[in-house]
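For reference, data_27.txt (compact mmCIF, C-alpha atoms and all ligand atoms):
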# COMPACT_ATOMS: atom_id res chain seq x y z
CA MET A 184 0.00 0.00 0.00
CA SER A 185 1.29 3.45 -0.80
CA TYR A 186 2.07 6.06 1.83
CA TYR A 187 3.50 9.57 1.92
CA ALA A 188 7.11 10.28 2.79
CA THR A 189 7.63 13.94 3.57
CA THR A 190 10.38 16.23 4.74
CA PHE A 191 10.38 19.87 5.68
CA CYS A 192 13.15 21.71 3.95
CA SER A 193 14.07 25.33 4.53
CA GLY A 194 17.25 27.36 4.93
CA SER A 195 20.78 27.18 3.55
CA LYS A 196 21.81 24.23 5.72
CA TYR A 197 19.07 21.94 4.37
CA GLU A 198 18.15 23.28 0.91
CA PRO A 199 21.22 21.71 -0.79
CA ILE A 200 20.18 18.27 0.53
CA LYS A 201 16.70 18.27 -0.98
CA GLU A 202 17.51 16.62 -4.31
CA LYS A 203 19.65 13.80 -2.96
CA TRP A 204 17.18 13.16 -0.15
CA GLU A 205 14.31 12.90 -2.62
CA ASP A 206 16.24 10.66 -5.04
CA ARG A 207 17.26 8.40 -2.18
CA VAL A 208 13.75 7.93 -0.79
CA LYS A 209 12.35 7.31 -4.26
CA SER A 210 15.00 4.77 -5.15
CA LYS A 211 14.80 2.80 -1.86
CA CYS A 212 11.10 3.00 -1.00
CA LYS A 213 9.04 1.67 -3.88
CA ASN A 214 5.59 2.63 -2.59
CA ALA A 215 6.45 6.03 -1.13
CA ILE A 216 4.84 9.16 -2.54
CA VAL A 217 7.49 11.76 -1.85
CA LYS A 218 6.53 15.26 -0.87
CA ILE A 219 8.82 18.08 0.13
CA ILE A 220 7.21 20.62 2.43
CA THR A 221 8.60 24.09 1.94
CA ASN A 222 7.80 27.32 3.64
CA ASN A 223 6.35 29.05 0.61
CA ASN A 224 2.67 28.59 0.81
CA SER A 225 0.09 30.88 2.30
CA ASN A 226 -1.16 28.09 4.56
CA ASN A 227 2.09 28.16 6.44
CA ASP A 228 1.99 31.94 6.87
CA ASN A 229 -0.73 31.61 9.48
CA ILE A 230 1.37 29.15 11.42
CA VAL A 231 4.50 31.24 11.52
CA LEU A 232 2.33 34.18 12.57
CA ILE A 233 1.54 32.20 15.72
CA ASN A 234 5.10 31.24 16.60
CA ASN A 235 6.88 34.17 14.93
CA TYR A 236 9.77 31.94 13.84
CA ALA A 237 10.63 31.01 17.42
CA TYR A 238 12.68 27.83 17.95
CA ALA A 239 11.06 24.77 16.36
CA TRP A 240 8.56 26.77 14.29
CA TRP A 241 9.33 24.25 11.54
CA ASP A 242 7.88 21.43 13.66
CA MET A 243 4.51 23.16 13.56
CA VAL A 244 4.68 23.71 9.82
CA ARG A 245 5.55 20.11 9.07
CA LEU A 246 3.03 18.60 11.49
CA HIS A 247 0.28 20.84 10.15
CA ASN A 248 1.08 19.74 6.60
CA ASN A 249 1.40 16.07 7.55
CA LEU A 250 -1.97 16.08 9.33
CA GLU A 251 -3.51 17.71 6.29
CA ILE A 252 -2.10 15.01 4.00
CA ILE A 253 -3.33 12.08 6.11
CA SER A 254 -6.76 13.66 6.57
CA GLU A 255 -7.17 14.26 2.85
CA THR A 256 -5.71 11.01 1.53
CA ASN A 257 -6.23 8.44 4.34
CA LYS A 258 -2.68 7.28 3.68
CA PRO A 259 0.00 6.95 6.37
CA VAL A 260 2.43 9.85 6.45
CA VAL A 261 6.09 9.40 7.29
CA ASN A 262 8.15 12.39 8.39
CA ILE A 263 11.80 11.90 7.53
CA ASP A 264 14.22 14.67 8.46
CA SER A 265 16.36 15.99 5.64
CA ASP A 266 19.47 14.90 7.57
CA LEU A 267 18.21 11.31 7.72
CA ILE A 268 19.56 9.12 4.94
CA ILE A 269 17.32 6.18 4.09
CA GLU A 270 19.24 2.92 3.64
CA LYS A 271 16.44 0.37 3.12
CA ASP A 272 12.80 0.37 2.03
CA ILE A 273 10.83 1.52 5.09
CA GLU A 274 7.55 -0.14 4.06
CA GLN A 275 7.99 -2.86 6.72
CA LEU A 276 8.03 -0.09 9.33
CA VAL A 277 4.95 1.60 7.88
CA ASN A 278 3.14 -1.74 8.01
CA LEU A 279 3.83 -2.33 11.72
CA ASN A 280 0.47 -2.53 13.43
CA TYR A 281 0.65 0.62 15.56
CA ASP A 282 -1.02 4.03 15.38
CA LEU A 283 2.11 6.10 15.71
CA ILE A 284 5.63 4.86 15.01
CA ILE A 285 8.58 6.97 16.04
CA SER A 286 12.35 6.65 16.30
CA THR A 287 14.45 6.72 19.48
CA GLU A 288 16.46 9.72 20.62
CA ILE A 289 20.12 9.40 21.62
CA GLY A 290 20.86 9.22 25.33
CA ASN A 291 18.47 6.68 26.93
CA ASN A 292 17.18 8.18 30.19
CA ASN A 293 19.10 11.40 29.53
CA ALA A 294 17.64 11.94 26.05
CA PHE A 295 16.27 15.39 25.20
CA PRO A 296 14.14 16.55 27.00
CA LYS A 297 15.84 15.07 30.03
CA GLU A 298 13.10 15.88 32.56
CA CYS A 299 10.77 13.55 30.61
CA SER A 300 13.19 10.80 29.57
CA GLN A 301 14.22 10.40 33.21
CA ILE A 302 10.62 9.45 33.91
CA LEU A 303 10.10 7.34 30.79
CA GLY A 304 13.57 5.77 30.73
CA PHE A 305 14.13 6.71 27.08
CA GLY A 306 13.31 9.46 24.60
CA VAL A 307 11.55 9.63 21.24
CA CYS A 308 13.06 11.38 18.23
CA THR A 309 10.69 13.15 15.85
CA GLY A 310 13.26 13.06 13.05
CA PHE A 311 11.38 9.97 11.92
CA TYR A 312 7.72 9.41 12.69
CA ILE A 313 4.83 7.66 11.00
CA ILE A 314 1.28 8.88 11.58
CA LYS A 315 -1.50 6.44 10.80
CA GLN A 316 -5.27 6.93 10.94
CA GLY A 317 -5.53 5.91 14.59
CA ALA A 318 -3.10 8.63 15.68
CA ILE A 319 -4.70 11.59 13.92
CA ASN A 320 -6.50 12.82 17.03
CA PHE A 321 -3.50 12.21 19.25
CA MET A 322 -1.29 14.25 16.92
CA LYS A 323 -3.94 16.95 16.58
CA ASN A 324 -3.80 17.27 20.37
CA ILE A 325 -0.04 17.52 20.21
CA TYR A 326 -0.37 20.19 17.54
CA GLU A 327 -2.74 22.16 19.76
CA SER A 328 -0.34 22.00 22.68
CA MET A 329 2.47 23.19 20.40
CA LYS A 330 0.32 26.01 19.08
CA THR A 331 -0.67 27.20 22.55
CA ASN A 332 2.90 26.81 23.79
CA LYS A 333 1.63 24.58 26.56
CA TYR A 334 5.08 23.21 27.39
CA ASN A 335 6.86 26.48 26.57
CA THR A 336 8.13 25.32 23.21
CA TYR A 337 6.93 24.64 19.68
CA SER A 338 9.08 21.49 19.51
CA ASP A 339 7.02 18.43 18.59
CA GLN A 340 9.46 16.15 20.41
CA VAL A 341 9.25 18.07 23.68
CA ASN A 342 5.45 18.30 23.42
CA ILE A 343 5.07 14.55 22.78
CA MET A 344 7.41 13.63 25.64
CA ASN A 345 5.64 15.98 28.03
CA TYR A 346 2.21 14.84 26.96
CA ILE A 347 3.11 11.20 27.57
CA THR A 348 4.77 11.70 30.94
CA ASN A 349 1.96 13.97 32.19
CA ASN A 350 -0.79 11.47 31.37
CA ASN A 351 -1.60 7.83 32.06
CA TYR A 352 0.48 5.47 29.98
CA LYS A 353 1.87 1.96 29.99
CA VAL A 354 5.16 0.84 28.43
CA THR A 355 5.99 -2.70 27.30
CA ASN A 356 8.69 -4.25 25.15
CA ALA A 357 7.91 -5.91 21.83
CA GLU A 358 10.42 -8.15 20.12
CA ILE A 359 10.37 -8.23 16.32
CA PHE A 360 12.48 -9.51 13.49
CA LEU A 361 13.09 -7.39 10.42
CA ASP A 362 15.24 -8.94 7.70
CA ASP A 363 16.28 -11.62 10.21
CA ILE A 364 17.63 -9.10 12.70
CA LYS A 365 16.10 -9.04 16.17
CA TYR A 366 14.89 -5.71 17.50
CA ILE A 367 13.16 -4.69 20.71
CA ASN A 368 10.67 -1.88 20.26
CA LYS A 369 9.04 -0.03 23.13
CA ILE A 370 5.24 0.13 23.00
CA ILE A 371 3.50 3.00 24.76
CA GLU A 372 -0.24 2.66 25.34
CA ILE A 373 -1.89 6.01 25.89
CA ASP A 374 -5.30 7.55 25.02
CA ASN A 375 -6.39 4.18 23.56
CA ILE A 376 -3.68 4.23 20.92
CA LYS A 377 -0.43 2.33 20.60
CA ILE A 378 2.81 4.16 19.95
CA CYS A 379 5.74 2.08 18.75
CA VAL A 380 9.13 3.55 19.64
CA LEU A 381 11.53 1.87 17.26
CA ASP A 382 14.63 0.11 18.49
CA PHE A 383 17.56 2.54 18.25
CA ASN A 384 19.25 0.27 15.69
CA ILE A 385 16.39 0.64 13.18
CA ILE A 386 16.83 4.37 12.62
CA ILE A 387 20.33 4.72 13.94
CA ARG A 388 21.92 7.89 15.25
CA ASP A 389 25.49 8.71 16.14
CA PRO A 390 27.83 6.98 15.92
CA ILE A 391 26.54 5.24 12.83
CA MET A 392 27.80 1.79 11.89
CA ASN A 393 26.44 -0.53 9.19
CA ILE A 394 24.28 -2.99 11.12
CA GLY A 395 21.33 -3.47 8.79
CA GLN A 396 19.62 -0.22 9.75
CA PHE A 397 16.79 1.39 7.76
CA GLY A 398 18.10 4.92 8.12
CA ASN A 399 21.11 6.96 9.23
CA HIS A 400 20.11 10.06 11.18
CA ILE A 401 23.22 12.22 11.05
CA ASN A 402 23.80 15.48 12.88
CA ILE A 403 25.12 17.82 10.17
CA ASP A 404 27.18 19.83 12.66
CA ASN A 405 28.95 16.68 13.84
CA VAL A 406 30.26 16.08 10.33
CA ASP A 407 31.26 19.72 9.82
CA GLY A 408 28.46 21.01 7.66
CA THR A 409 26.20 20.33 4.72
CA GLU A 410 28.91 19.80 2.11
CA ASN A 411 30.52 17.00 4.11
CA PHE A 412 27.15 15.58 5.06
CA LEU A 413 26.27 15.08 1.37
CA LYS A 414 29.19 12.64 1.06
CA TYR A 415 27.30 10.24 3.33
CA PHE A 416 24.80 9.65 0.53
CA ASP A 417 27.39 8.52 -1.99
CA ASN A 418 30.33 7.06 -0.12
CA ASP A 419 30.89 3.99 1.98
CA LEU A 420 30.26 4.86 5.62
CA GLU A 421 33.52 3.21 6.67
CA SER A 422 35.52 5.52 4.42
CA LEU A 423 34.09 8.68 6.01
CA PRO A 424 34.73 10.34 9.40
CA LEU A 425 32.71 9.03 12.34
CA THR A 426 29.42 10.87 12.82
CA CYS A 427 29.59 11.17 16.61
CA ARG A 428 30.03 14.38 18.54
CA CYS A 429 32.82 13.13 20.81
CA GLY A 430 35.85 15.35 20.98
CA LYS A 431 34.30 18.11 18.82
CA VAL A 432 35.47 20.86 21.16
CA HIS A 433 33.98 23.58 18.91
CA LEU A 434 30.57 21.94 19.46
CA GLY A 435 31.09 21.89 23.22
CA ASP A 436 32.07 18.24 23.59
CA ASN A 437 35.35 17.59 25.36
CA SER A 438 35.02 13.83 25.74
CA ILE A 439 37.41 11.34 24.19
CA CYS A 440 35.85 9.29 21.39
CA LYS A 441 35.53 5.62 22.26
CA HIS A 442 33.93 4.76 18.94
CA ILE A 443 37.17 4.75 16.98
CA GLU A 444 37.98 1.40 18.60
CA LEU A 445 34.79 -0.13 17.19
CA ARG A 446 36.00 0.68 13.72
CA ASN A 447 39.36 -0.98 14.06
CA LYS A 448 37.86 -4.37 14.90
ZN ZN B 501 32.71 8.94 19.18

Please express what this file holds, its structure, as structure tokens.
Amino acid sequence: MSYYATTFCSGSKYEPIKEKWEDRVKSKCKNAIVKIITNNNSNNDNIVLINNYAYAWWDMVRLHNNLEIISETNKPVVNIDSDLIIEKDIEQLVNLNYDLIISTEIGNNNAFPKECSQILGFGVCTGFYIIKQGAINFMKNIYESMKTNKYNTYSDQVNIMNYITNNNYKVTNAEIFLDDIKYINKIIEIDNIKICVLDFNIIIRDPIMNIGQFGNHINIDNVDGTENFLKYFDNDLESLPLTCRCGKVHLGDNSICKHIELRNK
């Protein structure tokens, strides 16, 4: 069954990625209808009037557009950040029987926002999320809380994490196999819907190794900017610098990188 794969793209850091991102999703995901959300339509003007381009204004624009797409087409909508490089067809993920499917944030119980992940034990990352029919109302609620600045931010991730930890929920583990690799997803039951938080190794974040993942979510700053980031589309991961933040003093990280050892094995 077809579904929408969208990204929000705006600004000089992300604009140059658009073409490669689109080509990649189209070539890997055979049933995806690709749509790039930009900031040049009058619909979005009303949204940015509310948040006045404050931090995470883009989260409101993309969620508004994604909710519009699913409401009009009845097809699942997948948000894929422009800095997330798809490695395998994601249709198996879209077909998982949950209302909302979302990737995992780096940092376990210290993941951003910390005050929520310390309660939940882990964090969700909105760089990759799939909205299905059953989650429309849930995500509309999230959109409302973003719009009214309920949790003092327009960030979808912070609003989702706060919403979950401030309401009744239950978390369980669910083991699955995808392409013969075992994964353990976290299932959150809340408001009569089921949210599947994907095993970190499905949509992998830094440091990225080739372990059968569906997508590489790379922090562009960690790899020294857009131009270097683009190389991760075309070159073998092993031939490129590690994507972690360790030791990047200019980014405020003074730790020593332990990941180099993993590479030399
Ligand atoms: Zn490292």

Counting only C-alpha atoms and all ligand atoms, what are the residues, protein, DNA or RNA alike, that approach ligand ZN 501 (chain B) to within 12 Å? I want them as a PyMOL selection string. chain A and resi 388-392+405-406+424-431+436-446

Each residue of segment 314-393 of chain A lying at most 8 Å from segment 241-265 of chain A should get a row with its shortest atom-to-atom pair and the distance in Å to one decimal, counting all atoms listed in the file; could you produce that, ordered by chain and increasing number, as a Markdown table?
| residue | atom | partner | partner_atom | distance |
| --- | --- | --- | --- | --- |
| A:Ile314 | CA | A:Val260 | CA | 5.3 |
| A:Lys315 | CA | A:Pro259 | CA | 4.7 |
| A:Gln316 | CA | A:Asn257 | CA | 6.8 |
| A:Ile319 | CA | A:Leu250 | CA | 7.0 |
| A:Met322 | CA | A:Leu250 | CA | 7.8 |
| A:Lys323 | CA | A:Leu250 | CA | 7.6 |
| A:Tyr326 | CA | A:Met243 | CA | 7.0 |
| A:Met329 | CA | A:Met243 | CA | 7.1 |
| A:Lys330 | CA | A:Met243 | CA | 7.5 |
| A:Tyr337 | CA | A:Met243 | CA | 6.7 |
| A:Ser338 | CA | A:Asp242 | CA | 6.0 |
| A:Asp339 | CA | A:Asp242 | CA | 5.8 |

Considering only C-alpha atoms, can you say which of A:Asn222, A:Lys297, A:Val307, A:Asn332 comes closest to Gly194 of chain A?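 The answer is A:Asn222, which sits nearest to Gly194 of chain A.
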
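Closest approach to Asn280 of chain A among A:Ile313, A:Asn227, A:Ile364, A:Asp374: A:Ile313, based on all atoms listed in the file.
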
Take the point (15.7, 0.5, 21.8) as written in the file and pick out every residue within 7 Å of it, counting only C-alpha atoms; give the list as number ranges by chain. A: 287, 367-369, 381-383

Counting all atoms listed in the file, the option among A:Ile302, A:Ile289, A:Asn278, A:Asp266 closest to Pro199 of chain A: A:Asp266

Which is closer to Cys212 of chain A than all the others in A:Ser328, A:Ser185, A:Asn229, A:Asn345, using all atoms listed in the file?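 Looking only at the distances to Cys212 of chain A, the closest residue turns out to be A:Ser185.
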
Which value, in Å to one decimal, gives the distance between atom CA of Tyr238 of chain A and atom CA of Cys299 of chain A?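 Taking atom CA of Tyr238 of chain A as the start and atom CA of Cys299 of chain A as the end point, the length is 19.2 Å.
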
Among the residues A:Ile385, A:Leu303, A:Ile403, A:Ile216, the one that comes closest to Thr355 of chain A [using only C-alpha atoms]: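 Looking at the shortest contact to Thr355 of chain A, the residue is A:Leu303.
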
With all atoms listed in the file as the basis for distance, which of A:Gly304, A:Cys192, A:Asp206, A:Tyr197 is at the shortest distance from Glu410 of chain A? A:Tyr197
